[in-house]
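Below: the structure, in structure tokens.
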Amino acid sequence: MRILQDRIEAGRMLGERLARDYAGADTVVLGLPRGGVPVAAEAARRIRAPLDVLVVRKLGLPHHEEVAMGAVGEGGAIVRNPGVIRSAGVSEADFERAERRERAEVAQRVERFRDGRPPAPLAGRTAIVVDDGMATGATAAVGCRIARERGAARVVLAVPVAAPDALAEFDAADAIICLLAPADFMAVGQFYADFTQVEDEEVVRLLTE
């Protein structure tokens, strides 16, 4: 089983893959906070592209927050995971309660991470949406949807590791770059030697460098 040392190594490896097709192109790299931003920063350095953030939040199941029943993001974007909602018996009231809570968090993080800076312009450009891994695909799908709504000519999802079933069903991007899709996937952190939580201060530092 291939283990990534940390998000820095993951970003460098992604950047090397992306460089084959996207280095020098009119490209913007968009990290999904918080864990995706260090990965995106390294990838952006490798292909010499600007770095920005797309603020998204997972909608966790009541009492099982690690399981995504959907996700929300900037600009009112939302993705539902109907299979999870149905199997868990989540009511519309519970879903809406989670949505309101996470939308408030999205607004706070946009203010914190951008500090008044406008989003990077995407119209007519290639947007590479980066996260540190993909379990269900909900947050990645919201990120790709935001990029497309902002006028990106092409949307690429780039992740170091992903669940094979989520990868097979993902249709929100024009192309997907994934380093690892292990059959024994259980959680993203399983494939990192160091999966330390990324703090807000680190995201802000990377975005302002």
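Each chain in the structure tokens gets a letter, A, B and so on, in the order shown; residues start at 1 in every chain, and ligands are counted from 1 in the order they appear.
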I'd like the neighbourhood of Ala41 of chain A as JSON, numbers by chain, where a residue qualifies if any of its atoms comes within 10 Å (using only C-alpha atoms), though same-chain residues fewer than 5 positions away should be ignored.
{"A": [7, 8, 11, 12, 15, 29, 30, 31, 36, 46, 49, 50, 51, 52, 53, 130, 203, 206, 207, 209]}
Go through segment 42-151 of chain A and collect every residue that DSSP, computed from the backbone, puts in strand (DSSP E); the answer should be as a list in words.
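Of segment 42-151 of chain A, the ones in strand (DSSP E) are Leu51, Asp52, Val53, Val56, Arg57, Lys58, Leu59, Gly60, Leu61, His64, Glu65, Glu66, Val67, Ala68, Met69, Gly70, Ala71, Val72, Gly73, Ile78, Val79, Arg80, Thr126, Ala127, Ile128, Val129 and Val130 of chain A.
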For Phe170 of chain A, please output as number ranges by chain all residues within 9 Å (counting only C-alpha atoms; exclusion window: fewer than 6 positions along the same chain).
A: 137, 141, 176
Report as a PyMOL selection string all protein, DNA and RNA residues lying within 10 Å of Gly133 of chain A, evaluated on only C-alpha atoms, omitting residues in the same chain fewer than 6 positions from it.
chain A and resi 7+10+35-36+39+140+158-163+178-181+187-189+191
Just-selected residues, N, CA and C atoms written as a compact mmCIF listing (two decimals), in the first residue's frame:
```
# COMPACT_ATOMS: atom_id res chain seq x y z
N ARG A 7 1.06 16.22 3.09
CA ARG A 7 0.39 16.97 2.03
C ARG A 7 1.39 17.67 1.10
N ALA A 10 2.41 15.09 -1.37
CA ALA A 10 1.25 14.86 -2.24
C ALA A 10 1.12 15.97 -3.28
N GLY A 35 -7.50 21.22 4.30
CA GLY A 35 -6.46 20.27 3.93
C GLY A 35 -6.00 20.34 2.49
N GLY A 36 -6.85 20.81 1.59
CA GLY A 36 -6.48 20.86 0.19
C GLY A 36 -5.55 22.01 -0.16
N VAL A 39 -1.72 21.15 -0.33
CA VAL A 39 -1.52 20.33 -1.53
C VAL A 39 -1.56 21.22 -2.77
N ALA A 140 -15.75 18.00 -3.34
CA ALA A 140 -15.07 18.22 -4.62
C ALA A 140 -16.07 18.65 -5.70
N ALA A 158 -8.05 17.50 -9.12
CA ALA A 158 -6.77 16.86 -8.85
C ALA A 158 -6.71 16.47 -7.38
N VAL A 159 -6.57 15.18 -7.11
CA VAL A 159 -6.50 14.68 -5.73
C VAL A 159 -5.42 13.61 -5.63
N PRO A 160 -4.70 13.56 -4.51
CA PRO A 160 -3.68 12.52 -4.35
C PRO A 160 -4.28 11.12 -4.21
N VAL A 161 -5.42 11.02 -3.52
CA VAL A 161 -6.02 9.71 -3.25
C VAL A 161 -7.53 9.84 -3.25
N ALA A 162 -8.20 8.78 -3.71
CA ALA A 162 -9.66 8.81 -3.78
C ALA A 162 -10.23 7.41 -3.64
N ALA A 163 -11.44 7.34 -3.12
CA ALA A 163 -12.17 6.08 -3.08
C ALA A 163 -12.53 5.70 -4.51
N CYS A 178 -5.71 11.71 -10.45
CA CYS A 178 -5.68 11.05 -9.14
C CYS A 178 -4.48 10.11 -9.09
N LEU A 179 -3.68 10.24 -8.04
CA LEU A 179 -2.47 9.43 -7.92
C LEU A 179 -2.77 8.02 -7.43
N LEU A 180 -3.69 7.89 -6.47
CA LEU A 180 -3.98 6.60 -5.85
C LEU A 180 -5.48 6.40 -5.73
N ALA A 181 -5.95 5.20 -6.10
CA ALA A 181 -7.35 4.84 -5.91
C ALA A 181 -7.38 3.41 -5.36
N ALA A 187 -10.57 5.72 4.47
CA ALA A 187 -10.54 7.13 4.82
C ALA A 187 -9.29 7.75 4.19
N VAL A 188 -9.36 9.05 3.89
CA VAL A 188 -8.24 9.73 3.26
C VAL A 188 -6.98 9.64 4.12
N GLY A 189 -7.11 9.86 5.42
CA GLY A 189 -5.96 9.87 6.31
C GLY A 189 -5.22 8.55 6.38
N PHE A 191 -3.94 6.99 4.08
CA PHE A 191 -2.87 6.94 3.08
C PHE A 191 -1.84 8.04 3.24
```
Could you list, as a PDB file with N, CA and C atoms, in the first residue's frame, every residue within 12 Å of Phe113 of chain A, counting only C-alpha atoms and ignoring same-chain residues fewer than 4 positions away?
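And here's around15.pdb as it stands now:
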```pdb
ATOM      1  N   GLY A  31      -7.458  25.538  -4.092  1.00  0.00           N
ATOM      2  CA  GLY A  31      -7.432  24.588  -2.997  1.00  0.00           C
ATOM      3  C   GLY A  31      -8.726  24.602  -2.206  1.00  0.00           C
ATOM      4  N   LEU A  32      -9.184  23.419  -1.801  1.00  0.00           N
ATOM      5  CA  LEU A  32     -10.357  23.307  -0.938  1.00  0.00           C
ATOM      6  C   LEU A  32      -9.871  23.270   0.508  1.00  0.00           C
ATOM      7  N   PRO A  33     -10.271  24.255   1.312  1.00  0.00           N
ATOM      8  CA  PRO A  33      -9.763  24.320   2.692  1.00  0.00           C
ATOM      9  C   PRO A  33     -10.434  23.281   3.578  1.00  0.00           C
ATOM     10  N   ARG A  34      -9.692  22.888   4.631  1.00  0.00           N
ATOM     11  CA  ARG A  34      -8.367  23.424   4.841  1.00  0.00           C
ATOM     12  C   ARG A  34      -7.275  22.522   4.256  1.00  0.00           C
ATOM     13  N   VAL A  37      -5.484  23.026   0.697  1.00  0.00           N
ATOM     14  CA  VAL A  37      -4.698  24.214   0.355  1.00  0.00           C
ATOM     15  C   VAL A  37      -3.189  23.932   0.347  1.00  0.00           C
ATOM     16  N   ASP A  52      -5.515  30.090  -5.457  1.00  0.00           N
ATOM     17  CA  ASP A  52      -6.649  30.698  -4.759  1.00  0.00           C
ATOM     18  C   ASP A  52      -7.353  29.600  -3.971  1.00  0.00           C
ATOM     19  N   VAL A  53      -8.383  29.987  -3.272  1.00  0.00           N
ATOM     20  CA  VAL A  53      -9.135  29.057  -2.431  1.00  0.00           C
ATOM     21  C   VAL A  53     -10.581  29.023  -2.889  1.00  0.00           C
ATOM     22  N   LEU A  54     -11.207  27.865  -2.771  1.00  0.00           N
ATOM     23  CA  LEU A  54     -12.654  27.727  -2.957  1.00  0.00           C
ATOM     24  C   LEU A  54     -13.200  27.215  -1.630  1.00  0.00           C
ATOM     25  N   VAL A  55     -13.995  28.019  -0.961  1.00  0.00           N
ATOM     26  CA  VAL A  55     -14.479  27.637   0.364  1.00  0.00           C
ATOM     27  C   VAL A  55     -15.706  26.746   0.238  1.00  0.00           C
ATOM     28  N   GLU A 105     -20.657  29.030   8.295  1.00  0.00           N
ATOM     29  CA  GLU A 105     -19.216  28.771   8.398  1.00  0.00           C
ATOM     30  C   GLU A 105     -18.497  29.135   7.100  1.00  0.00           C
ATOM     31  N   VAL A 106     -19.132  28.842   5.958  1.00  0.00           N
ATOM     32  CA  VAL A 106     -18.552  29.223   4.666  1.00  0.00           C
ATOM     33  C   VAL A 106     -18.334  30.731   4.611  1.00  0.00           C
ATOM     34  N   ALA A 107     -19.350  31.503   5.000  1.00  0.00           N
ATOM     35  CA  ALA A 107     -19.251  32.967   4.960  1.00  0.00           C
ATOM     36  C   ALA A 107     -18.111  33.466   5.841  1.00  0.00           C
ATOM     37  N   GLN A 108     -17.965  32.878   7.027  1.00  0.00           N
ATOM     38  CA  GLN A 108     -16.896  33.295   7.934  1.00  0.00           C
ATOM     39  C   GLN A 108     -15.519  32.971   7.354  1.00  0.00           C
ATOM     40  N   ARG A 109     -15.405  31.807   6.728  1.00  0.00           N
ATOM     41  CA  ARG A 109     -14.103  31.396   6.199  1.00  0.00           C
ATOM     42  C   ARG A 109     -13.718  32.198   4.954  1.00  0.00           C
ATOM     43  N   ARG A 117      -9.832  40.283  -0.332  1.00  0.00           N
ATOM     44  CA  ARG A 117      -9.365  40.108  -1.707  1.00  0.00           C
ATOM     45  C   ARG A 117     -10.454  39.472  -2.557  1.00  0.00           C
ATOM     46  N   PRO A 118     -10.614  39.898  -3.801  1.00  0.00           N
ATOM     47  CA  PRO A 118     -11.608  39.264  -4.675  1.00  0.00           C
ATOM     48  C   PRO A 118     -11.124  37.881  -5.099  1.00  0.00           C
ATOM     49  N   PRO A 119     -12.021  36.992  -5.464  1.00  0.00           N
ATOM     50  CA  PRO A 119     -11.604  35.688  -5.985  1.00  0.00           C
ATOM     51  C   PRO A 119     -10.800  35.850  -7.273  1.00  0.00           C
ATOM     52  N   GLU A 199      -4.441  24.198  10.135  1.00  0.00           N
ATOM     53  CA  GLU A 199      -5.104  25.289  10.839  1.00  0.00           C
ATOM     54  C   GLU A 199      -5.380  26.458   9.890  1.00  0.00           C
ATOM     55  N   ASP A 200      -6.326  27.300  10.283  1.00  0.00           N
ATOM     56  CA  ASP A 200      -6.685  28.462   9.473  1.00  0.00           C
ATOM     57  C   ASP A 200      -5.469  29.341   9.176  1.00  0.00           C
ATOM     58  N   GLU A 201      -4.598  29.507  10.168  1.00  0.00           N
ATOM     59  CA  GLU A 201      -3.431  30.364  10.001  1.00  0.00           C
ATOM     60  C   GLU A 201      -2.526  29.865   8.873  1.00  0.00           C
ATOM     61  N   GLU A 202      -2.426  28.560   8.737  1.00  0.00           N
ATOM     62  CA  GLU A 202      -1.607  27.994   7.665  1.00  0.00           C
ATOM     63  C   GLU A 202      -2.230  28.280   6.303  1.00  0.00           C
ATOM     64  N   VAL A 203      -3.560  28.178   6.201  1.00  0.00           N
ATOM     65  CA  VAL A 203      -4.254  28.486   4.948  1.00  0.00           C
ATOM     66  C   VAL A 203      -4.016  29.946   4.567  1.00  0.00           C
ATOM     67  N   VAL A 204      -4.178  30.844   5.530  1.00  0.00           N
ATOM     68  CA  VAL A 204      -3.978  32.275   5.272  1.00  0.00           C
ATOM     69  C   VAL A 204      -2.549  32.543   4.828  1.00  0.00           C
ATOM     70  N   ARG A 205      -1.583  31.923   5.497  1.00  0.00           N
ATOM     71  CA  ARG A 205      -0.172  32.124   5.136  1.00  0.00           C
ATOM     72  C   ARG A 205       0.104  31.706   3.702  1.00  0.00           C
ATOM     73  N   LEU A 206      -0.383  30.546   3.318  1.00  0.00           N
ATOM     74  CA  LEU A 206      -0.136  30.028   1.970  1.00  0.00           C
ATOM     75  C   LEU A 206      -0.791  30.909   0.905  1.00  0.00           C
ATOM     76  N   LEU A 207      -1.960  31.434   1.218  1.00  0.00           N
ATOM     77  CA  LEU A 207      -2.675  32.255   0.245  1.00  0.00           C
ATOM     78  C   LEU A 207      -2.076  33.642   0.090  1.00  0.00           C
ATOM     79  N   THR A 208      -1.370  34.106   1.119  1.00  0.00           N
ATOM     80  CA  THR A 208      -0.829  35.470   1.056  1.00  0.00           C
ATOM     81  C   THR A 208       0.644  35.499   0.678  1.00  0.00           C
TER      82      THR A 208
END
```
Write out as JSON, numbers by chain which residues come within 6 Å of Asn81 of chain A when counting only C-alpha atoms, dropping same-chain ones fewer than 3 positions away.
{"A": [69, 70, 84]}
Write the selection just made, keeping C-alpha atoms, as a short mmCIF file (atom, residue, chain, number, x, y, z; two decimals), in the first residue's frame?
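So the final result, stored in result.cif, reads:
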```cif
data_model
loop_
_atom_site.label_atom_id
_atom_site.label_comp_id
_atom_site.auth_asym_id
_atom_site.auth_seq_id
_atom_site.Cartn_x
_atom_site.Cartn_y
_atom_site.Cartn_z
CA MET A 69 -24.72 13.71 3.06
CA GLY A 70 -23.82 16.66 0.85
CA VAL A 84 -26.52 8.64 2.05
#
```
If we count only C-alpha atoms and set the cut-off at 10 Å, which residues sit around segment 21-28 of chain A, ignoring sequence neighbours fewer than 5 positions away in its own chain? Please answer as a list of chain:residue names.
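Counting only C-alpha atoms, the residues come to A:Gly15, A:Glu16, A:Ala44, A:Arg45, A:Arg46, A:Ile47, A:Arg48, A:Ala49, A:Pro50, A:Leu51, A:Asp52, A:Val53, A:Ala120, A:Pro121, A:Leu122, A:Gly124, A:Arg125, A:Thr126, A:Ala127, A:Ile128, A:Val129, A:Ala152, A:Arg154, A:Val155.
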Only N, CA and C atoms, please: the residues just picked out, written as a tab-separated table (two decimals), in the first residue's frame.
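Listing of part16.tsv after writing:
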```tsv
chain	number	residue	atom	x	y	z
A	15	GLY	N	1.67	18.02	-8.72
A	15	GLY	CA	2.22	19.04	-9.60
A	15	GLY	C	3.00	18.44	-10.76
A	16	GLU	N	3.75	17.38	-10.48
A	16	GLU	CA	4.51	16.72	-11.54
A	16	GLU	C	3.59	16.11	-12.59
A	44	ALA	N	0.66	24.25	-7.40
A	44	ALA	CA	0.70	25.53	-8.11
A	44	ALA	C	2.14	25.96	-8.35
A	45	ARG	N	3.02	25.74	-7.37
A	45	ARG	CA	4.44	26.08	-7.55
A	45	ARG	C	5.05	25.28	-8.70
A	46	ARG	N	4.69	24.01	-8.78
A	46	ARG	CA	5.27	23.14	-9.80
A	46	ARG	C	4.87	23.57	-11.21
A	47	ILE	N	3.66	24.05	-11.37
A	47	ILE	CA	3.20	24.41	-12.72
A	47	ILE	C	3.20	25.93	-12.93
A	48	ARG	N	3.73	26.65	-11.92
A	48	ARG	CA	3.84	28.12	-11.99
A	48	ARG	C	2.50	28.77	-12.29
A	49	ALA	N	1.51	28.39	-11.52
A	49	ALA	CA	0.16	28.93	-11.67
A	49	ALA	C	-0.26	29.67	-10.41
A	50	PRO	N	-1.15	30.64	-10.52
A	50	PRO	CA	-1.65	31.33	-9.32
A	50	PRO	C	-2.47	30.40	-8.45
A	51	LEU	N	-2.48	30.70	-7.15
A	51	LEU	CA	-3.21	29.90	-6.17
A	51	LEU	C	-4.36	30.71	-5.58
A	52	ASP	N	-5.51	30.09	-5.46
A	52	ASP	CA	-6.65	30.70	-4.76
A	52	ASP	C	-7.35	29.60	-3.97
A	53	VAL	N	-8.38	29.99	-3.27
A	53	VAL	CA	-9.14	29.06	-2.43
A	53	VAL	C	-10.58	29.02	-2.89
A	120	ALA	N	-9.91	34.92	-7.53
A	120	ALA	CA	-9.15	34.94	-8.79
A	120	ALA	C	-10.12	34.81	-9.96
A	121	PRO	N	-9.95	35.61	-11.01
A	121	PRO	CA	-10.84	35.49	-12.18
A	121	PRO	C	-10.64	34.15	-12.88
A	122	LEU	N	-11.74	33.50	-13.21
A	122	LEU	CA	-11.68	32.18	-13.84
A	122	LEU	C	-12.21	32.17	-15.26
A	124	GLY	N	-12.85	31.85	-18.87
A	124	GLY	CA	-12.03	31.43	-20.00
A	124	GLY	C	-10.76	30.68	-19.64
A	125	ARG	N	-10.53	30.43	-18.36
A	125	ARG	CA	-9.29	29.78	-17.92
A	125	ARG	C	-9.55	28.33	-17.51
A	126	THR	N	-8.48	27.59	-17.28
A	126	THR	CA	-8.57	26.24	-16.73
A	126	THR	C	-8.49	26.33	-15.22
A	127	ALA	N	-9.49	25.79	-14.55
A	127	ALA	CA	-9.51	25.78	-13.08
A	127	ALA	C	-9.17	24.37	-12.60
A	128	ILE	N	-8.10	24.26	-11.80
A	128	ILE	CA	-7.71	22.97	-11.23
A	128	ILE	C	-8.11	22.98	-9.76
A	129	VAL	N	-9.11	22.19	-9.43
A	129	VAL	CA	-9.64	22.10	-8.07
A	129	VAL	C	-8.89	20.99	-7.34
A	152	ALA	N	-15.11	29.21	-15.72
A	152	ALA	CA	-13.94	28.44	-16.14
A	152	ALA	C	-14.25	27.70	-17.44
A	154	ARG	N	-12.50	25.17	-18.54
A	154	ARG	CA	-12.25	23.75	-18.28
A	154	ARG	C	-12.03	23.57	-16.79
A	155	VAL	N	-12.61	22.53	-16.23
A	155	VAL	CA	-12.48	22.26	-14.79
A	155	VAL	C	-11.81	20.90	-14.62
```
Residue with smallest distance to Gly83 of chain A - pool A:Ala183, A:Phe95, A:Ala68, A:Arg100, counting only C-alpha atoms
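Among the listed residues, the smallest separation from Gly83 of chain A belongs to A:Ala68.
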Provide the atom CA of Val90 of chain A to atom CA of Val67 of chain A distance in Å, to one decimal place.
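Value for the atom CA of Val90 of chain A-atom CA of Val67 of chain A distance: 12.3 Å.
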Quick check for you: according to DSSP on this backbone, which residues of segment 32-162 of chain A are classed as alpha helix (DSSP H)? Reply as a count of residues only.
54
Separation of atom CA of Asp171 of chain A from atom CA of Ala93 of chain A, in Å and rounded to one decimal:
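Here the two named atoms are 27.9 Å from each other.
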